[in-house]
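K.L.:
My structure is in model.csv, and what it holds is CSV, C-alpha atoms and all ligand atoms:
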chain,number,residue,atom,x,y,z
Q,116,MET,CA,143.9,339.8,161.9
Q,117,THR,CA,146.7,339.6,164.5
Q,118,PRO,CA,150.2,338.4,163.4
Q,119,PHE,CA,149.5,335.0,165.0
Q,120,ASP,CA,145.9,334.5,163.9
Q,121,LEU,CA,145.4,331.4,161.7
Q,122,SER,CA,141.6,331.7,161.3
Q,123,GLY,CA,140.5,330.4,157.9
Q,124,ARG,CA,143.8,328.6,157.3
Q,125,VAL,CA,144.1,324.9,156.7
Q,126,ALA,CA,147.2,322.9,157.8
Q,127,LEU,CA,148.3,319.4,157.0
Q,128,VAL,CA,150.6,317.8,159.6
Q,129,THR,CA,152.3,314.5,158.5
Q,130,GLY,CA,152.6,312.2,161.5
Q,131,GLY,CA,150.2,314.5,163.3
Q,132,ASN,CA,148.5,311.7,165.3
Q,133,GLY,CA,151.0,311.7,168.2
Q,134,GLY,CA,154.1,313.1,169.7
Q,135,ILE,CA,155.6,316.3,168.3
Q,136,GLY,CA,153.2,316.3,165.3
Q,137,LEU,CA,150.1,316.3,167.6
Q,138,GLY,CA,151.7,319.0,169.8
Q,139,MET,CA,152.1,321.2,166.8
Q,140,ALA,CA,148.7,320.4,165.4
Q,141,GLN,CA,147.1,321.3,168.7
Q,142,GLY,CA,148.9,324.6,168.7
Q,143,LEU,CA,147.9,325.4,165.1
Q,144,ALA,CA,144.2,324.5,166.0
Q,145,ALA,CA,144.3,326.7,169.0
Q,146,ALA,CA,145.4,329.6,166.8
Q,147,GLY,CA,142.4,329.0,164.5
Q,148,ALA,CA,143.6,326.6,161.8
Q,149,LYS,CA,141.7,323.6,160.5
Q,150,LEU,CA,143.8,320.4,160.8
Q,151,ALA,CA,144.4,317.5,158.4
Q,152,ILE,CA,146.0,314.8,160.5
Q,153,ALA,CA,148.0,312.8,158.0
Q,154,ALA,CA,149.5,309.4,159.0
Q,155,ARG,CA,149.1,305.6,158.6
Q,156,ASN,CA,147.5,304.5,161.9
Q,157,ALA,CA,143.8,305.3,161.5
Q,158,GLU,CA,142.9,304.5,165.2
Q,159,LYS,CA,145.6,306.7,166.6
Q,160,SER,CA,144.6,309.4,164.1
Q,161,ALA,CA,141.0,309.2,165.1
Q,162,ALA,CA,142.0,309.8,168.8
Q,163,ALA,CA,144.1,312.9,167.7
Q,164,VAL,CA,141.2,314.3,165.7
Q,165,ALA,CA,138.9,313.8,168.7
Q,166,ALA,CA,141.3,315.5,171.0
Q,167,ILE,CA,141.5,318.6,168.7
Q,168,GLU,CA,137.7,318.7,168.3
Q,169,ALA,CA,137.2,318.3,172.1
Q,170,ALA,CA,139.3,321.5,172.5
Q,171,GLY,CA,137.0,323.3,170.0
Q,172,GLY,CA,139.0,322.9,166.9
Q,173,ALA,CA,138.3,321.3,163.5
Q,174,ALA,CA,140.3,318.3,162.2
Q,175,ALA,CA,140.1,315.3,159.9
Q,176,PHE,CA,142.1,312.2,159.3
Q,177,VAL,CA,143.9,311.9,156.0
Q,178,PRO,CA,145.6,308.5,155.3
Q,179,LEU,CA,149.2,308.9,154.3
Q,180,ASP,CA,152.4,306.9,153.9
Q,181,VAL,CA,155.0,309.5,153.2
Q,182,ALA,CA,157.4,306.8,151.9
Q,183,HIS,CA,155.3,306.6,148.7
Q,184,GLU,CA,155.2,309.6,146.4
Q,185,SER,CA,151.7,308.8,145.1
Q,186,SER,CA,150.4,308.7,148.7
Q,187,CYS,CA,151.8,312.2,149.4
Q,188,HIS,CA,149.9,313.6,146.4
Q,189,ALA,CA,146.7,311.7,147.3
Q,190,ALA,CA,146.9,313.0,150.9
Q,191,ILE,CA,147.2,316.6,149.8
Q,192,GLU,CA,144.3,316.2,147.4
Q,193,HIS,CA,142.3,314.6,150.1
Q,194,ALA,CA,142.9,317.5,152.5
Q,195,VAL,CA,141.9,320.0,149.8
Q,196,ARG,CA,138.7,318.1,148.9
Q,197,HIS,CA,137.8,318.1,152.6
Q,198,PHE,CA,138.7,321.6,153.6
Q,199,GLY,CA,138.7,323.5,150.3
Q,200,ARG,CA,142.3,324.8,150.5
Q,201,LEU,CA,145.8,324.2,152.0
Q,202,ASP,CA,147.9,327.0,153.5
Q,203,ILE,CA,150.3,325.2,155.9
Q,204,LEU,CA,152.3,321.9,155.4
Q,205,VAL,CA,154.2,320.5,158.4
Q,206,ASN,CA,156.6,317.7,157.3
Q,207,ASN,CA,156.9,316.0,160.6
Q,208,ALA,CA,156.7,312.2,159.9
Q,209,GLY,CA,159.9,310.5,160.9
Q,210,VAL,CA,161.5,307.2,161.8
Q,211,GLY,CA,164.9,305.9,162.9
Q,212,VAL,CA,166.8,302.7,162.9
Q,213,ARG,CA,169.2,302.3,165.8
Q,214,LYS,CA,172.4,300.4,164.9
Q,215,PRO,CA,176.1,301.2,163.9
Q,216,PRO,CA,176.6,302.5,160.3
Q,217,GLU,CA,178.4,299.3,159.2
Q,218,ALA,CA,175.4,297.2,160.1
Q,219,TYR,CA,172.8,299.0,158.0
Q,220,THR,CA,171.1,297.1,155.3
Q,221,ALA,CA,170.1,298.9,152.1
Q,222,ALA,CA,166.5,298.4,152.9
Q,223,GLU,CA,166.9,300.1,156.3
Q,224,TRP,CA,168.8,303.0,154.8
Q,225,HIS,CA,166.1,303.6,152.1
Q,226,ARG,CA,163.2,303.3,154.6
Q,227,VAL,CA,164.6,306.1,156.8
Q,228,LEU,CA,165.6,308.3,153.8
Q,229,ASP,CA,162.3,307.7,152.0
Q,230,THR,CA,160.3,308.6,155.1
Q,231,ASN,CA,162.2,311.5,156.6
Q,232,LEU,CA,163.6,313.2,153.5
Q,233,SER,CA,162.0,312.1,150.2
Q,234,GLY,CA,158.5,312.2,151.7
Q,235,ALA,CA,159.1,315.8,152.7
Q,236,LEU,CA,160.0,316.8,149.2
Q,237,PHE,CA,157.0,314.9,147.6
Q,238,CYS,CA,154.5,316.4,150.1
Q,239,ALA,CA,156.0,319.9,149.4
Q,240,GLN,CA,155.8,319.3,145.6
Q,241,ALA,CA,152.1,318.3,146.0
Q,242,ALA,CA,151.4,321.4,148.2
Q,243,TYR,CA,153.4,323.8,146.0
Q,244,LYS,CA,150.9,323.9,143.1
Q,245,LEU,CA,148.1,324.8,145.4
Q,246,MET,CA,150.0,327.3,147.5
Q,247,GLN,CA,151.2,329.0,144.3
Q,248,ARG,CA,147.7,329.2,143.0
Q,249,GLN,CA,146.4,330.6,146.3
Q,250,GLY,CA,149.2,333.3,146.4
Q,251,GLY,CA,151.3,331.9,149.2
Q,252,GLY,CA,151.9,329.3,151.9
Q,253,LYS,CA,154.0,328.0,154.7
Q,254,ILE,CA,156.1,324.8,154.8
Q,255,ILE,CA,157.7,323.7,158.1
Q,256,ASN,CA,160.1,320.8,158.1
Q,257,ILE,CA,161.0,319.0,161.3
Q,258,GLY,CA,164.7,318.4,161.6
Q,259,SER,CA,166.6,317.3,164.7
Q,260,MET,CA,169.8,318.0,166.7
Q,261,PHE,CA,171.1,315.3,164.3
Q,262,SER,CA,170.7,318.0,161.6
Q,263,ILE,CA,173.7,319.5,163.2
Q,264,PHE,CA,175.5,316.8,165.1
Q,265,GLY,CA,176.8,313.4,164.1
Q,266,SER,CA,175.5,310.1,165.6
Q,267,THR,CA,177.3,306.8,166.2
Q,268,TYR,CA,174.0,304.8,166.1
Q,269,ALA,CA,171.7,306.7,163.6
Q,270,VAL,CA,173.6,307.3,160.4
Q,271,ALA,CA,170.5,307.3,158.2
Q,272,TYR,CA,168.5,309.4,160.5
Q,273,ALA,CA,171.3,312.0,160.8
Q,274,ALA,CA,171.8,312.0,157.0
Q,275,SER,CA,168.1,312.5,156.5
Q,276,LYS,CA,167.8,315.3,159.1
Q,277,GLY,CA,170.9,317.1,157.8
Q,278,GLY,CA,169.4,316.8,154.3
Q,279,LEU,CA,166.1,318.3,155.4
Q,280,VAL,CA,167.9,321.5,156.4
Q,281,GLN,CA,169.4,321.8,152.9
Q,282,LEU,CA,166.0,320.8,151.3
Q,283,THR,CA,164.5,323.6,153.4
Q,284,LYS,CA,167.0,326.2,152.1
Q,285,SER,CA,166.6,325.1,148.5
Q,286,LEU,CA,162.8,325.2,148.6
Q,287,ALA,CA,162.9,328.5,150.4
Q,288,VAL,CA,165.0,330.2,147.8
Q,289,ALA,CA,163.2,328.6,144.9
Q,290,TRP,CA,159.7,329.5,146.1
Q,291,ALA,CA,160.2,332.9,147.8
Q,292,LYS,CA,158.9,334.4,144.5
Q,293,ASP,CA,155.6,332.6,145.1
Q,294,ASN,CA,155.3,334.0,148.7
Q,295,ILE,CA,155.9,330.5,150.1
Q,296,GLN,CA,158.1,330.5,153.2
Q,297,VAL,CA,159.9,327.3,154.0
Q,298,ASN,CA,161.6,326.8,157.4
Q,299,ALA,CA,162.9,324.0,159.6
Q,300,VAL,CA,162.5,323.4,163.3
Q,301,LEU,CA,165.2,321.4,165.1
Q,302,PRO,CA,163.8,319.9,168.3
Q,303,GLY,CA,166.1,318.8,171.1
Q,304,TRP,CA,165.2,315.8,173.1
Q,305,ILE,CA,161.4,315.6,173.4
Q,306,ASP,CA,159.4,313.0,175.4
Q,307,THR,CA,157.4,311.0,172.8
Q,308,ASP,CA,156.9,307.4,171.8
Q,309,LEU,CA,160.0,307.6,169.6
Q,310,THR,CA,162.3,308.6,172.5
Q,311,SER,CA,160.6,306.4,175.1
Q,312,ALA,CA,161.4,303.4,173.0
Q,313,ALA,CA,165.0,304.7,172.9
Q,314,ARG,CA,165.0,305.2,176.6
Q,315,ARG,CA,164.0,301.6,177.1
Q,316,GLN,CA,166.8,300.4,174.8
Q,317,VAL,CA,169.4,302.6,176.3
Q,318,PRO,CA,169.1,303.0,180.1
Q,319,GLU,CA,171.7,305.7,180.4
Q,320,LEU,CA,169.9,308.0,177.9
Q,321,ASN,CA,167.7,309.7,180.4
Q,322,GLY,CA,170.6,310.9,182.6
Q,323,HIS,CA,172.6,311.9,179.5
Q,324,VAL,CA,169.8,314.0,178.1
Q,325,LEU,CA,169.2,315.8,181.4
Q,326,ALA,CA,172.9,316.5,181.9
Q,327,ARG,CA,173.4,317.7,178.3
Q,328,THR,CA,170.3,319.9,178.1
Q,329,PRO,CA,170.9,323.3,179.8
Q,330,ALA,CA,167.2,323.6,180.6
Q,331,GLY,CA,167.6,320.5,182.7
Q,332,ARG,CA,164.5,318.7,181.4
Q,333,TRP,CA,163.1,316.8,178.4
Q,334,GLY,CA,161.0,318.9,176.1
Q,335,LEU,CA,157.2,318.1,175.7
Q,336,PRO,CA,155.3,318.0,172.5
Q,337,ALA,CA,153.5,321.2,173.6
Q,338,ASP,CA,156.9,323.0,173.6
Q,339,LEU,CA,156.8,322.9,169.8
Q,340,ALA,CA,153.3,324.5,169.5
Q,341,GLY,CA,154.6,328.1,169.6
Q,342,ILE,CA,157.2,327.8,166.9
Q,343,ALA,CA,154.7,326.0,164.7
Q,344,VAL,CA,152.2,328.9,165.1
Q,345,PHE,CA,154.9,331.5,164.4
Q,346,LEU,CA,156.2,329.8,161.3
Q,347,ALA,CA,152.6,329.2,160.0
Q,348,ALA,CA,151.4,332.7,160.7
Q,349,PRO,CA,151.8,336.1,159.0
Q,350,ALA,CA,154.3,337.0,161.8
Q,351,SER,CA,157.0,335.0,159.9
Q,352,ASP,CA,156.3,336.3,156.4
Q,353,PHE,CA,159.9,337.6,156.0
Q,354,VAL,CA,161.4,334.5,157.6
Q,355,THR,CA,162.5,331.8,155.1
Q,356,GLY,CA,165.2,329.2,154.9
Q,357,ALA,CA,165.8,329.3,158.6
Q,358,ALA,CA,166.6,326.3,160.8
Q,359,ILE,CA,165.4,327.1,164.4
Q,360,PRO,CA,166.4,325.0,167.4
Q,361,VAL,CA,163.7,324.4,170.0
Q,362,ASP,CA,166.0,322.4,172.3
Q,363,GLY,CA,166.3,323.9,175.8
Q,364,GLY,CA,169.8,325.2,174.9
Q,365,TYR,CA,171.2,321.8,173.7
Q,366,ALA,CA,172.7,323.1,170.5
Q,367,SER,CA,174.4,326.1,172.2
Q,368,MET,CA,176.2,324.1,174.9
Q,369,GLY,CA,179.9,323.4,174.6
Q,370,ILE,CA,181.5,321.1,177.1
K,401,LIG,P1,156.6,309.6,167.1
K,401,LIG,O1,157.1,308.2,166.9
K,401,LIG,O2,155.8,309.9,168.3
K,401,LIG,O3,155.7,310.1,165.9
K,401,LIG,C1,156.2,309.8,164.6
K,401,LIG,C2,155.0,310.1,163.7
K,401,LIG,O4,155.4,309.8,162.3
K,401,LIG,C3,153.8,309.2,164.0
K,401,LIG,O5,152.7,310.0,164.1
K,401,LIG,C4,153.7,308.2,162.8
K,401,LIG,O6,152.4,307.9,162.5
K,401,LIG,C5,154.3,309.1,161.7
K,401,LIG,N1,154.9,308.3,160.6
K,401,LIG,C6,156.0,307.5,160.7
K,401,LIG,N2,156.2,306.9,159.5
K,401,LIG,C7,155.3,307.4,158.6
K,401,LIG,C8,155.0,307.2,157.3
K,401,LIG,N3,155.7,306.4,156.5
K,401,LIG,N4,154.0,307.9,156.7
K,401,LIG,C9,153.2,308.8,157.5
K,401,LIG,N5,153.5,309.0,158.8
K,401,LIG,C10,154.5,308.3,159.4
K,401,LIG,O7,157.8,310.5,167.1
K,401,LIG,P2,158.1,312.1,167.5
K,401,LIG,O8,156.9,312.8,167.7
K,401,LIG,O9,159.2,312.0,168.5
K,401,LIG,O10,158.8,312.6,166.1
K,401,LIG,C11,158.2,313.4,165.2
K,401,LIG,C12,159.2,314.1,164.4
K,401,LIG,O11,160.1,314.8,165.2
K,401,LIG,C13,160.1,313.1,163.6
K,401,LIG,O12,160.4,313.6,162.4
K,401,LIG,C14,161.3,313.0,164.5
K,401,LIG,O13,162.5,312.6,163.8
K,401,LIG,C15,161.4,314.4,165.0
K,401,LIG,N6,162.2,314.6,166.2
K,401,LIG,C16,161.9,314.0,167.4
K,401,LIG,C17,162.7,314.3,168.5
K,401,LIG,C18,162.3,313.7,169.8
K,401,LIG,O14,163.2,313.8,170.7
K,401,LIG,N7,161.2,313.1,170.0
K,401,LIG,C19,163.9,315.1,168.4
K,401,LIG,C20,164.1,315.7,167.1
K,401,LIG,C21,163.3,315.4,166.0
K,401,LIG,P3,151.9,306.5,161.9
K,401,LIG,O15,152.7,305.4,162.5
K,401,LIG,O16,150.4,306.5,162.2
K,401,LIG,O17,152.1,306.6,160.4
Go ahead and express the file in the form of structure tokens.
P.N.:
Amino acid sequence: MTPFDLSGRVALVTGGNGGIGLGMAQGLAAAGAKLAIAARNAEKSAAAVAAIEAAGGAAAFVPLDVAHESSCHAAIEHAVRHFGRLDILVNNAGVGVRKPPEAYTAAEWHRVLDTNLSGALFCAQAAYKLMQRQGGGKIINIGSMFSIFGSTYAVAYAASKGGLVQLTKSLAVAWAKDNIQVNAVLPGWIDTDLTSAARRQVPELNGHVLARTPAGRWGLPADLAGIAVFLAAPASDFVTGAAIPVDGGYASMGI
């Protein structure tokens, strides 16, 4: 087995039916893992499963609404019934609400926190028992540049993504004894449905991202495939509690 071989491993990716989640799922599948695509939209998920299978991989749709604890447990059980085990959990599902902090309703705040932060904990809790029994596992949490920087228009999103980094560190230190590595990935600006909606709402966003990103381009979902494979594979067995930017240099740029 090479350090990056995922043959025989099973991965569940929340929000794996599009954007960054699908980019990572396709990378994991190319490295040999079987994929549980866990999300709400069945049609979009069927297309993602078909794309992975067309490339020679194995995948299945697992219905999931991460904002509900019982759904997180049911999805993990579903994946294990289907594939027989679970080695890798990618907590990628995420939403945002774009408005100034003073305008947030309690319902909007809770929807973002429940989806982006609480859902990651509940999925990790459900996966923990299995991974512990299997002798180890990998959990990858998807943060953001807003895990580091503040935002004038996305207070709940930034709070959830900052919280994910601390969740990552706490799970990493608690579960290191079980040979479970827990790490976070902090993507820069990536071209997906999420950001194309933001680009439509904020015309100057495109120019701002290009000027602010040293690589001079938007990231693509496929740019996240390599880090997903690394953090899912034996290559990263002594890496835990890390938060790794994949951002074309965004987080390293001063003025
Ligand atoms: P997309 O909007 O393309 O994908 C979001 C995914 O999350 C969808 O697959 C959606 O599937 C799923 N999802 C949303 N809510 C739920 C829910 N309640 N339960 C289960 N699944 C859910 O966004 P991106 O690919 O851009 O974002 C993916 C992750 O990356 C998010 O966590 C986002 O915050 C993060 N990120 C994105 C960046 C970017 O520039 N694009 C930058 C930094 C971080 P469905 O609707 O079928 O449930």
K.L.:
Let me have all residues with an atom within 6 Å of ligand LIG 401 (chain K), counting all atoms listed in the file, laid out as a ChimeraX atom specification.
P.N.:
/Q:129-136,154-156,179-182,207-210,230,257-259,302-310
K.L.:
Residues within 12 Å of Leu346 of chain Q, please, as number ranges by chain. Count only C-alpha atoms; anything in the same chain fewer than 6 positions from it doesn't count.
P.N.:
Q: 118-121, 126, 139, 142-143, 202-205, 252-257, 295-300, 339-340, 352-359
K.L.:
In file coordinates, which residues lie within 9 Å of (164.2, 325.3, 174.0) using all atoms listed in the file, given as a PDB file with C-alpha atoms, keeping the file's coordinate frame?
P.N.:
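Final output, saved to result13.pdb:
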ATOM      1  CA  PRO Q 302     163.800 319.900 168.300  1.00  0.00           C
ATOM      2  CA  GLY Q 303     166.100 318.800 171.100  1.00  0.00           C
ATOM      3  CA  ALA Q 330     167.200 323.600 180.600  1.00  0.00           C
ATOM      4  CA  GLY Q 334     161.000 318.900 176.100  1.00  0.00           C
ATOM      5  CA  ASP Q 338     156.900 323.000 173.600  1.00  0.00           C
ATOM      6  CA  LEU Q 339     156.800 322.900 169.800  1.00  0.00           C
ATOM      7  CA  PRO Q 360     166.400 325.000 167.400  1.00  0.00           C
ATOM      8  CA  VAL Q 361     163.700 324.400 170.000  1.00  0.00           C
ATOM      9  CA  ASP Q 362     166.000 322.400 172.300  1.00  0.00           C
ATOM     10  CA  GLY Q 363     166.300 323.900 175.800  1.00  0.00           C
ATOM     11  CA  GLY Q 364     169.800 325.200 174.900  1.00  0.00           C
ATOM     12  CA  TYR Q 365     171.200 321.800 173.700  1.00  0.00           C
TER      13      TYR Q 365
END
K.L.:
I want to know what sits within 8 Å of Met368 of chain Q, based on only C-alpha atoms, with residues of the same chain fewer than 4 positions away left out; could you give that as a PyMOL selection string?
P.N.:
chain Q and resi 327-329+364
K.L.:
How about saving the chosen residues, C-alpha atoms kept, as a CSV table (one decimal), keeping the file's coordinate frame?
P.N.:
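Result file follows (part-v1.csv):
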chain,number,residue,atom,x,y,z
Q,327,ARG,CA,173.4,317.7,178.3
Q,328,THR,CA,170.3,319.9,178.1
Q,329,PRO,CA,170.9,323.3,179.8
Q,364,GLY,CA,169.8,325.2,174.9
K.L.:
In Å, with one decimal, what is the gap from atom CA of Ala291 of chain Q to atom CA of Val177 of chain Q?
P.N.:
27.8 Å
K.L.:
Which residues come within 10 Å of Lys214 of chain Q, counting only C-alpha atoms, excluding same-chain residues fewer than 5 positions away, as a PyMOL selection string?
P.N.:
chain Q and resi 219+267-271
K.L.:
Save out the residues we just selected, C-alpha atoms, as a short mmCIF file (atom, residue, chain, number, x, y, z; two decimals), in the coordinates of the input.
P.N.:
data_model
loop_
_atom_site.label_atom_id
_atom_site.label_comp_id
_atom_site.auth_asym_id
_atom_site.auth_seq_id
_atom_site.Cartn_x
_atom_site.Cartn_y
_atom_site.Cartn_z
CA TYR Q 219 172.80 299.00 158.00
CA THR Q 267 177.30 306.80 166.20
CA TYR Q 268 174.00 304.80 166.10
CA ALA Q 269 171.70 306.70 163.60
CA VAL Q 270 173.60 307.30 160.40
CA ALA Q 271 170.50 307.30 158.20
#
K.L.:
Rank Q:His193, Q:Arg248, Q:Arg315, Q:His188 by their smallest atom-to-atom distance to Asp293 of chain Q, using only C-alpha atoms, and report the top residue only.
P.N.:
Q:Arg248
K.L.:
Counting only C-alpha atoms, figure out which residue out of Q:Gly265, Q:Gly278, Q:Gly322, Q:Pro178 gets nearest to Val227 of chain Q.
P.N.:
Q:Gly278
K.L.:
Might you pull out every residue within 9 Å of Phe261 of chain Q, with all atoms listed in the file counted and same-chain residues fewer than 2 positions away left off, and present them as a list of chain:residue names?
P.N.:
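Here the answer would be Q:Gly258, Q:Ser259, Q:Ile263, Q:Phe264, Q:Gly265, Q:Ser266, Q:Ala269, Q:Tyr272, Q:Ala273, Q:Ala274, Q:Ser275, Q:Lys276, Q:Gly277, Q:Leu301.
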K.L.:
Taking all atoms listed in the file into account, name the residue in Q:Trp333, Q:Gly199, Q:Leu245, Q:His183 that is nearest to Ser311 of chain Q.
P.N.:
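Checking each candidate against Ser311 of chain Q, we get Q:Trp333 as the closest.
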K.L.:
So which one's closest to Gly172 of chain Q, Q:Glu192, Q:Ser233, Q:Val288, Q:Ala148? Using all atoms listed in the file, please.
P.N.:
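Looking at the shortest contact to Gly172 of chain Q, the residue is Q:Ala148.
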K.L.:
Extract, using only C-alpha atoms, all DNA, RNA and protein residues at most 9 Å from segment 162-171 of chain Q, discarding same-chain residues fewer than 4 positions from it, and format them as number ranges by chain.
P.N.:
Q: 131-133, 137, 140-141, 144-145, 150-152, 157-158, 175-176
K.L.:
Of the candidates Q:Leu325, Q:Tyr243, Q:Gly251, Q:Gln316, which one gets nearest to Leu286 of chain Q if we count all atoms listed in the file?
P.N.:
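Counting all atoms listed in the file, the residue closest to Leu286 of chain Q is Q:Tyr243.
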K.L.:
Can you measure atom CA of Ala289 of chain Q to atom CA of Ile342 of chain Q for me? One decimal in Å is fine.
P.N.:
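The value is 22.8 Å.
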K.L.:
Determine the nearest neighbour of Ala235 of chain Q from the options Q:Leu201, Q:Val195, Q:Val280, Q:Ala221, counting only C-alpha atoms.
P.N.:
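Counting only C-alpha atoms, the residue closest to Ala235 of chain Q is Q:Val280.
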K.L.:
Can you tell me how far atom CA of Arg124 of chain Q sits from atom CA of Ala287 of chain Q, in Å to one decimal?
P.N.:
20.3 Å
